[in-house]
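S.K.: Contents of input.txt (compact mmCIF, C-alpha atoms) are below:
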```
# COMPACT_ATOMS: atom_id res chain seq x y z
CA MET Z 1 280.50 76.68 203.79
CA SER Z 2 280.56 73.62 201.60
CA GLN Z 3 280.24 73.70 197.83
CA ASN Z 4 277.61 71.79 195.88
CA GLN Z 5 278.97 69.71 193.04
CA SER Z 6 277.40 67.86 190.16
CA ASP Z 7 277.89 64.12 189.77
CA ALA Z 8 280.31 64.81 186.93
CA ASP Z 9 282.39 67.04 189.18
CA LYS Z 10 282.64 64.23 191.73
CA GLN Z 11 284.49 61.89 189.37
CA PRO Z 12 288.04 61.23 190.66
CA LEU Z 13 290.66 63.40 188.99
CA PRO Z 14 293.60 61.59 187.37
CA VAL Z 15 296.53 61.85 189.73
CA GLU Z 16 298.83 63.25 187.07
CA THR Z 17 296.54 66.24 186.41
CA ALA Z 18 297.11 67.51 189.94
CA GLY Z 19 300.71 68.58 189.37
CA HIS Z 20 300.25 72.14 188.11
CA ASP Z 21 301.87 75.04 189.95
CA HIS Z 22 299.39 76.37 192.51
CA SER Z 23 301.29 79.68 192.69
CA SER Z 24 299.93 80.62 189.23
CA ALA Z 25 296.27 80.16 190.18
CA ALA Z 26 293.50 82.69 189.53
CA PRO Z 27 293.72 85.94 191.54
CA GLU Z 28 290.46 85.36 193.45
CA HIS Z 29 291.37 84.53 197.03
CA ARG Z 30 290.05 81.33 198.58
CA ALA Z 31 290.02 80.25 202.20
CA GLY Z 32 288.47 77.36 204.05
CA PHE Z 33 288.80 74.40 206.36
CA VAL Z 34 290.10 70.97 205.35
CA ALA Z 35 289.43 68.16 207.84
CA ILE Z 36 292.16 65.52 207.79
CA ILE Z 37 290.65 62.17 208.78
CA GLY Z 38 291.71 58.54 208.67
CA ARG Z 39 292.25 55.52 210.84
CA PRO Z 40 295.15 55.54 213.32
CA ASN Z 41 298.76 55.51 212.15
CA VAL Z 42 298.21 56.37 208.47
CA GLY Z 43 300.40 59.50 208.56
CA LYS Z 44 297.95 62.38 209.12
CA SER Z 45 300.16 64.34 211.51
CA THR Z 46 303.29 63.61 209.49
CA LEU Z 47 301.52 65.04 206.46
CA LEU Z 48 300.42 68.18 208.30
CA ASN Z 49 303.97 68.88 209.49
CA ALA Z 50 305.25 68.37 205.94
CA ILE Z 51 302.66 70.76 204.51
CA LEU Z 52 303.52 73.50 207.02
CA GLY Z 53 307.26 72.96 206.82
CA GLN Z 54 307.50 72.85 210.62
CA LYS Z 55 306.45 70.59 213.46
CA ILE Z 56 303.22 71.39 215.30
CA ALA Z 57 301.84 67.85 215.61
CA ILE Z 58 303.65 65.02 217.37
CA THR Z 59 304.26 61.81 215.45
CA ALA Z 60 305.14 58.26 216.42
CA PRO Z 61 305.09 54.78 214.87
CA LYS Z 62 302.34 53.83 217.33
CA PRO Z 63 298.60 54.20 216.72
CA GLN Z 64 296.39 56.73 218.52
CA THR Z 65 299.17 59.27 219.05
CA THR Z 66 296.98 62.28 218.18
CA ARG Z 67 294.32 62.87 220.84
CA SER Z 68 292.81 66.29 220.03
CA ARG Z 69 291.95 68.38 217.01
CA LEU Z 70 294.75 70.68 215.93
CA LEU Z 71 294.68 73.47 213.35
CA GLY Z 72 297.52 73.89 210.88
CA ILE Z 73 297.27 77.10 208.87
CA LEU Z 74 298.89 77.32 205.41
CA THR Z 75 298.80 80.86 204.01
CA LEU Z 76 299.62 81.35 200.33
CA ALA Z 77 299.37 84.46 198.18
CA GLU Z 78 296.06 83.34 196.70
CA ALA Z 79 294.63 81.08 199.40
CA GLN Z 80 294.59 80.17 203.06
CA ILE Z 81 294.03 76.49 203.79
CA VAL Z 82 293.18 75.68 207.41
CA PHE Z 83 293.91 72.01 208.01
CA VAL Z 84 292.16 70.32 210.94
CA ASP Z 85 294.26 67.36 212.08
CA THR Z 86 292.10 64.82 213.92
CA PRO Z 87 292.66 61.67 215.99
CA GLY Z 88 292.51 58.37 214.18
CA ILE Z 89 289.03 56.88 213.97
CA HIS Z 90 288.91 53.56 215.83
CA ARG Z 91 286.71 51.53 218.15
CA PRO Z 92 287.15 53.17 221.57
CA ARG Z 93 287.71 51.13 224.74
CA HIS Z 94 287.43 53.93 227.31
CA LYS Z 95 286.24 57.52 227.69
CA LEU Z 96 289.51 58.93 226.33
CA GLY Z 97 289.01 56.86 223.18
CA GLU Z 98 285.43 58.09 222.90
CA TYR Z 99 286.68 61.67 223.17
CA MET Z 100 289.27 61.08 220.44
CA VAL Z 101 286.74 59.65 217.99
CA GLN Z 102 284.31 62.44 218.87
CA GLN Z 103 286.98 65.01 217.99
CA ALA Z 104 287.31 63.51 214.52
CA VAL Z 105 283.57 63.24 213.93
CA MET Z 106 282.94 66.83 215.09
CA ALA Z 107 285.37 68.15 212.49
CA LEU Z 108 283.33 66.82 209.57
CA PRO Z 109 280.19 69.02 209.46
CA ASP Z 110 282.14 72.31 209.56
CA ALA Z 111 284.74 71.37 206.97
CA ASP Z 112 284.68 72.75 203.44
CA VAL Z 113 286.69 69.78 202.17
CA ILE Z 114 287.39 66.34 203.65
CA LEU Z 115 290.91 64.98 203.18
CA TRP Z 116 290.76 61.27 203.87
CA ILE Z 117 294.27 59.87 204.35
CA VAL Z 118 294.59 56.15 203.69
CA ASP Z 119 297.55 53.80 203.93
CA ILE Z 120 297.69 52.67 200.33
CA ALA Z 121 300.18 49.93 201.26
CA GLU Z 122 297.30 48.08 202.92
CA PRO Z 123 293.78 47.17 201.81
CA PRO Z 124 290.84 48.90 203.55
CA PHE Z 125 290.32 47.95 207.18
CA ALA Z 126 287.04 47.86 209.10
CA GLU Z 127 287.88 51.38 210.35
CA ASP Z 128 288.07 52.58 206.74
CA GLU Z 129 284.57 51.26 206.07
CA GLN Z 130 283.45 53.01 209.28
CA ILE Z 131 284.93 56.27 207.96
CA ALA Z 132 283.13 55.90 204.64
CA LEU Z 133 279.86 55.48 206.53
CA LEU Z 134 280.63 58.55 208.67
CA LEU Z 135 281.28 60.61 205.57
CA ALA Z 136 277.93 59.62 204.13
CA GLN Z 137 276.22 60.57 207.40
CA LYS Z 138 278.12 63.68 208.48
CA ALA Z 139 279.65 65.19 205.34
CA ALA Z 140 277.19 64.55 202.53
CA GLY Z 141 277.70 66.95 199.63
CA ARG Z 142 281.19 68.01 200.64
CA PRO Z 143 284.19 67.32 198.41
CA VAL Z 144 286.22 64.33 199.53
CA VAL Z 145 289.86 64.04 198.49
CA ILE Z 146 291.57 60.72 199.16
CA GLY Z 147 295.24 61.09 199.99
CA CYS Z 148 296.89 57.79 199.14
CA ASN Z 149 299.81 57.85 201.57
CA LYS Z 150 302.90 55.58 201.64
CA VAL Z 151 302.80 55.30 197.86
CA ASP Z 152 306.53 54.59 197.95
CA LEU Z 153 305.73 51.16 199.44
CA VAL Z 154 303.63 49.81 196.54
CA ASN Z 155 304.05 49.13 192.85
CA ALA Z 156 301.90 50.65 190.12
CA SER Z 157 299.46 47.75 189.80
CA THR Z 158 298.85 47.53 193.55
CA LEU Z 159 298.37 51.31 193.69
CA ALA Z 160 295.73 51.22 190.96
CA GLU Z 161 293.95 48.28 192.59
CA ARG Z 162 293.84 49.90 196.04
CA GLN Z 163 292.75 53.26 194.62
CA ALA Z 164 289.82 51.55 192.94
CA VAL Z 165 288.79 49.82 196.18
CA PHE Z 166 288.92 53.00 198.27
CA SER Z 167 287.16 55.00 195.55
CA ALA Z 168 284.30 52.51 195.59
CA LEU Z 169 283.69 53.38 199.24
CA VAL Z 170 283.10 57.12 198.80
CA ALA Z 171 283.24 58.23 195.10
CA PRO Z 172 285.95 60.86 195.81
CA THR Z 173 286.30 64.23 194.13
CA ALA Z 174 290.01 63.57 193.63
CA LEU Z 175 292.81 61.14 194.39
CA VAL Z 176 296.34 62.28 195.24
CA THR Z 177 299.35 60.06 195.83
CA LEU Z 178 301.57 60.95 198.79
CA ALA Z 179 304.64 59.85 200.68
CA ALA Z 180 304.24 62.18 203.65
CA ALA Z 181 307.41 61.08 205.43
CA ARG Z 182 309.38 62.19 202.35
CA GLY Z 183 307.34 65.30 201.64
CA GLN Z 184 306.28 63.79 198.32
CA GLY Z 185 303.04 64.93 196.68
CA ILE Z 186 302.51 68.07 198.79
CA ASP Z 187 302.34 70.47 195.82
CA ASP Z 188 299.93 68.14 194.04
CA LEU Z 189 297.71 68.02 197.11
CA ILE Z 190 297.61 71.82 197.52
CA ALA Z 191 296.80 72.20 193.83
CA VAL Z 192 293.80 69.89 194.22
CA LEU Z 193 292.52 71.39 197.48
CA ARG Z 194 292.69 75.08 196.63
CA PRO Z 195 289.95 75.27 193.96
CA LEU Z 196 287.61 73.26 196.20
CA LEU Z 197 287.63 76.01 198.85
CA PRO Z 198 285.08 78.87 198.82
CA LEU Z 199 286.02 82.38 197.74
CA SER Z 200 286.86 84.12 201.00
CA PRO Z 201 289.39 86.41 202.66
CA PRO Z 202 291.83 84.76 205.09
CA TYR Z 203 290.57 83.63 208.48
CA TYR Z 204 293.91 84.07 210.27
CA PRO Z 205 296.91 86.41 210.13
CA ALA Z 206 299.50 85.40 207.55
CA ASP Z 207 302.13 84.62 210.18
CA GLN Z 208 299.92 82.33 212.29
CA VAL Z 209 300.62 78.62 211.82
CA THR Z 210 298.39 77.00 214.44
CA ASP Z 211 295.66 77.81 216.97
CA VAL Z 212 297.30 76.21 220.00
CA GLN Z 213 299.66 77.80 222.50
CA GLU Z 214 303.33 76.92 222.83
CA ARG Z 215 302.46 75.51 226.26
CA PHE Z 216 300.26 72.84 224.62
CA ILE Z 217 302.91 71.91 222.05
CA ALA Z 218 305.53 71.63 224.81
CA ALA Z 219 303.32 69.14 226.67
CA GLU Z 220 302.79 67.19 223.47
CA LEU Z 221 306.54 67.04 222.79
CA VAL Z 222 307.07 65.54 226.24
CA ARG Z 223 304.36 62.98 225.51
CA GLU Z 224 305.97 62.23 222.14
CA ALA Z 225 309.28 61.53 223.90
CA VAL Z 226 307.48 59.13 226.26
CA ILE Z 227 305.94 57.34 223.28
CA HIS Z 228 309.30 56.99 221.54
CA HIS Z 229 311.11 55.64 224.60
CA LEU Z 230 308.47 53.31 226.03
CA ARG Z 231 306.49 50.40 224.62
CA GLU Z 232 303.40 48.32 225.18
CA GLU Z 233 300.51 50.06 226.93
CA VAL Z 234 302.44 52.66 228.93
CA PRO Z 235 302.32 55.45 226.27
CA HIS Z 236 298.54 55.08 225.95
CA ALA Z 237 298.16 55.57 229.71
CA VAL Z 238 300.24 58.77 229.77
CA ALA Z 239 298.99 62.35 229.98
CA VAL Z 240 301.27 65.38 230.26
CA VAL Z 241 300.32 68.68 231.87
CA VAL Z 242 302.57 71.76 231.85
CA ASP Z 243 302.38 73.26 235.34
CA GLU Z 244 304.72 76.22 234.79
CA PHE Z 245 305.88 77.98 231.62
CA LYS Z 246 308.00 81.05 232.38
CA THR Z 247 310.37 83.20 230.36
CA ARG Z 248 313.60 83.83 232.23
CA GLY Z 249 315.29 86.46 230.13
CA PRO Z 250 315.50 86.59 226.33
CA GLU Z 251 317.37 83.29 226.01
CA MET Z 252 315.89 80.96 228.65
CA THR Z 253 312.47 79.38 229.24
CA TYR Z 254 311.61 77.41 232.37
CA ILE Z 255 309.05 74.62 232.00
CA ALA Z 256 307.77 72.29 234.72
CA ALA Z 257 305.53 69.44 233.61
CA THR Z 258 303.89 66.42 235.18
CA VAL Z 259 303.69 63.05 233.44
CA TYR Z 260 300.57 61.23 234.64
CA VAL Z 261 300.19 57.44 234.49
CA GLU Z 262 297.55 55.02 235.78
CA ARG Z 263 299.58 52.52 237.85
CA GLU Z 264 302.58 52.50 240.16
CA SER Z 265 304.27 49.96 237.88
CA GLN Z 266 303.95 52.42 234.99
CA LYS Z 267 305.49 55.16 237.12
CA GLY Z 268 308.49 52.94 237.73
CA ILE Z 269 308.87 52.32 234.01
CA VAL Z 270 308.70 56.03 233.17
CA LEU Z 271 311.22 56.88 235.88
CA GLY Z 272 313.59 54.05 235.01
CA LEU Z 273 316.48 52.86 237.16
CA GLY Z 274 317.72 55.82 239.17
CA GLY Z 275 315.51 58.15 237.11
CA ARG Z 276 317.48 57.47 233.93
CA MET Z 277 314.49 56.89 231.65
CA LEU Z 278 312.81 60.14 232.71
CA LYS Z 279 316.10 61.93 232.08
CA GLN Z 280 316.25 60.53 228.54
CA ILE Z 281 312.63 61.53 227.94
CA GLY Z 282 313.39 65.05 229.15
CA GLN Z 283 316.49 65.34 226.98
CA GLN Z 284 314.58 64.41 223.82
CA ALA Z 285 311.64 66.68 224.64
CA ARG Z 286 313.90 69.61 225.45
CA VAL Z 287 315.51 69.50 222.01
CA GLY Z 288 312.13 69.77 220.29
CA ILE Z 289 310.90 72.51 222.63
CA GLU Z 290 314.08 74.54 222.11
CA GLU Z 291 313.63 74.32 218.35
CA MET Z 292 310.06 75.56 218.71
CA LEU Z 293 310.80 78.41 221.16
CA GLU Z 294 314.23 79.32 219.77
CA THR Z 295 315.54 79.67 223.32
CA LYS Z 296 317.35 77.47 225.77
CA VAL Z 297 314.93 75.44 227.91
CA TYR Z 298 315.20 74.27 231.49
CA LEU Z 299 312.75 71.37 231.64
CA GLU Z 300 311.73 69.80 234.93
CA LEU Z 301 309.59 66.64 234.85
CA TRP Z 302 307.61 64.87 237.56
CA VAL Z 303 305.66 61.60 237.47
CA LYS Z 304 302.37 61.04 239.29
CA VAL Z 305 299.83 58.20 239.41
CA VAL Z 306 296.11 58.80 238.83
CA PRO Z 307 294.36 55.40 238.69
CA HIS Z 308 292.16 54.87 235.63
CA TRP Z 309 292.25 58.53 234.57
CA ARG Z 310 291.29 57.56 230.98
CA ARG Z 311 287.87 56.51 232.33
CA ASP Z 312 287.40 59.46 234.70
CA LEU Z 313 285.63 62.52 233.25
CA THR Z 314 287.00 64.78 235.98
CA TYR Z 315 290.60 64.02 235.05
CA LEU Z 316 289.87 63.97 231.32
CA ARG Z 317 288.69 67.57 231.65
CA ARG Z 318 291.64 68.50 233.86
CA PHE Z 319 294.08 67.06 231.32
CA GLY Z 320 292.43 68.88 228.40
CA TYR Z 321 290.44 65.98 226.99
CA ALA Z 322 287.06 67.58 227.71
CA ALA Z 323 284.23 65.76 225.99
CA GLU Z 324 280.76 67.21 226.06
```
Please render this file's structure as C-alpha cells.

M.R.:
Amino acid sequence: MSQNQSDADKQPLPVETAGHDHSSAAPEHRAGFVAIIGRPNVGKSTLLNAILGQKIAITAPKPQTTRSRLLGILTLAEAQIVFVDTPGIHRPRHKLGEYMVQQAVMALPDADVILWIVDIAEPPFAEDEQIALLLAQKAAGRPVVIGCNKVDLVNASTLAERQAVFSALVAPTALVTLAAARGQGIDDLIAVLRPLLPLSPPYYPADQVTDVQERFIAAELVREAVIHHLREEVPHAVAVVVDEFKTRGPEMTYIAATVYVERESQKGIVLGLGGRMLKQIGQQARVGIEEMLETKVYLELWVKVVPHWRRDLTYLRRFGYAAE
C-alpha cells in the first residue's frame, strides 16, 4: 500500500507550504492508513481527538495512557484518512508494557504513511532514537511526516534547531508544526498527508469515526477518570472492564464496570474514605460517557484485586490486552 518516492521527494517540505486549503484538492479520491507513533506523553491522542473534532481516545498528563491501537477515521469529500493511534514507544517493564510497544510496532508495516509526533519543546530522547531505528527496520520506503507538537512552547530559533535534529534521525518527507491541545496546525497536517495516500475509494462508511464499540470507550473513560484523580503508580496498575452495557429506554443507559488493581492498598486508594474517591471517579466518567452516548447514564463501579495482572497473560487477554 505504500508509495515509492525518489530521494528528491523525501526532502522535508517547508512548513509554510503546507497551509493550502485541502478542500480544493484534485478530484481523484485517496484513502489510506496513517500510523501515529511517538514516545509516551507527546500528545498523540490529543491530536487525534482534535483532528476528528470529538473524543474517542482518552488523554492524561501522565505517560503510557494509551494501551491499545485505536482507529480514528476522518472522511473528507476527496479523501478518507484512517489514523491509527498507538501506545507510546518505551522500554517495557512487564508483559503489559511489551504488549503496548508491540501494538505500536505492528502498526508500522501496514501503514501508508507514518506520522511521527515529537515534543518539539524537548530534545530527542533515547526513545526517539529507538523510534528512528524502528522506522528504518519496519517502515523503509514509506513516507514519514514529523509532527512537531507543542510548538507554542518554543521560540523560532529553538524550533529550527530541534527540527534539524529530528530530521537528521529519519530524513522526513515533511515537517508540520502543531499545538494539538489548541487545535493548531490541523489543516496544515491534513494538507500534507492527503497527497501521500494512494488513490483508493473509502475503506469505511462516511459516518463512521472509529472501529471500537461504545462499550470499549466507556471503559476507557472510567480509566481516564482514575488517571486524573490518582497519582503515583496506581493508574498504571488499573484495568477497567465493562461487565454490563444495557439500554433502558431511549434516554437511559445502564453500565456496570469493574476497576481492577494489583494490591489491596491500591483498592483502598481507589475507593477512598467511605467510597468517596470512587464516587468522584464515577461522576467524571459518567459525564464523558453521557456526552458520547447522548443519553443519561447510570454508572455502577466495583473494585477488585488481581495480584500482578500486568504480568499474567491470562488476565491480559481477559482485560483485552491480548498479545500474540

S.K.: Might you pull out every residue within 10 Å of Gly72 in chain Z, with only C-alpha atoms counted and same-chain residues fewer than 6 positions away left off, and present them as a PyMOL selection string?

M.R.: chain Z and resi 33-34+45+48-49+51-52+55-57+81-85+208-212

S.K.: Which of these residues is nearest to Gln102 in chain Z, using all atoms listed in the file: Z:His228, Z:Arg215, Z:His90, Z:Arg162?

M.R.: Z:His90

S.K.: Write out as a PyMOL selection string which residues come within 8 Å of range 180-187 of chain Z when counting all atoms listed in the file, dropping same-chain ones fewer than 2 positions away.

M.R.: chain Z and resi 19+21-22+43+46-47+50-51+149-150+176-178+189-191

S.K.: So that I have them on file, write out the residues from the current selection with C-alpha atoms, as a PDB file, in the coordinates of the input.

M.R.:
```pdb
ATOM      1  CA  GLY Z  19     300.710  68.580 189.370  1.00  0.00           C
ATOM      2  CA  ASP Z  21     301.870  75.040 189.950  1.00  0.00           C
ATOM      3  CA  HIS Z  22     299.390  76.370 192.510  1.00  0.00           C
ATOM      4  CA  GLY Z  43     300.400  59.500 208.560  1.00  0.00           C
ATOM      5  CA  THR Z  46     303.290  63.610 209.490  1.00  0.00           C
ATOM      6  CA  LEU Z  47     301.520  65.040 206.460  1.00  0.00           C
ATOM      7  CA  ALA Z  50     305.250  68.370 205.940  1.00  0.00           C
ATOM      8  CA  ILE Z  51     302.660  70.760 204.510  1.00  0.00           C
ATOM      9  CA  ASN Z 149     299.810  57.850 201.570  1.00  0.00           C
ATOM     10  CA  LYS Z 150     302.900  55.580 201.640  1.00  0.00           C
ATOM     11  CA  VAL Z 176     296.340  62.280 195.240  1.00  0.00           C
ATOM     12  CA  THR Z 177     299.350  60.060 195.830  1.00  0.00           C
ATOM     13  CA  LEU Z 178     301.570  60.950 198.790  1.00  0.00           C
ATOM     14  CA  LEU Z 189     297.710  68.020 197.110  1.00  0.00           C
ATOM     15  CA  ILE Z 190     297.610  71.820 197.520  1.00  0.00           C
ATOM     16  CA  ALA Z 191     296.800  72.200 193.830  1.00  0.00           C
TER      17      ALA Z 191
END
```

S.K.: List as an MDAnalysis selection string the protein and nucleic acid residues near range 110-127 of chain Z, meaning an atom at most 7 Å away when only C-alpha atoms are counted, but skip any in the same chain fewer than 4 places from it.

M.R.: chainID Z and resid 1:2 32:39 42 44 89:90 131 142:151 153:154 159 162 166 196:197

S.K.: Got a sec: who's within 9 Å of Ile281 in chain Z, counting all atoms listed in the file, leaving out chain neighbours fewer than 6 positions off, as a PyMOL selection string?

M.R.: chain Z and resi 222-226+228-229+270

S.K.: Counting all atoms listed in the file, which of Z:Gln103, Z:Thr253, Z:Gln130, Z:Gln266 gets nearest to Ile289 in chain Z?

M.R.: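 Looking only at the distances to Ile289 in chain Z, the closest residue turns out to be Z:Thr253.
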
S.K.: Could you work out how far CA of Glu220 in chain Z lies from CA of Leu273 in chain Z, giving the answer in Å with one decimal?

M.R.: 24.1 Å

S.K.: Between Z:Ala139, Z:Met277, Z:Leu316, Z:Ile227, which one has atoms that come closest to Ser68 in chain Z, using all atoms listed in the file?

M.R.: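 Of Z:Ala139, Z:Met277, Z:Leu316, Z:Ile227, the one nearest Ser68 in chain Z is Z:Leu316, counting all atoms listed in the file.
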
S.K.: May I ask for the distance between CA of Pro40 in chain Z and CA of Asp243 in chain Z, given in Å to one decimal place?

M.R.: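 So the answer is 29.2 Å.
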
S.K.: What is the CA of Thr173 in chain Z-CA of Tyr204 in chain Z distance in Å, reported with one decimal?

M.R.: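 Answer for the CA of Thr173 in chain Z to CA of Tyr204 in chain Z separation: 26.7 Å.
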
S.K.: With distances taken over all atoms listed in the file, which of Z:Ala218, Z:Gly282, Z:Leu96, Z:Val238 is nearest to Arg311 in chain Z?

M.R.: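 That would be Z:Leu96, the residue with the smallest distance to Arg311 in chain Z.
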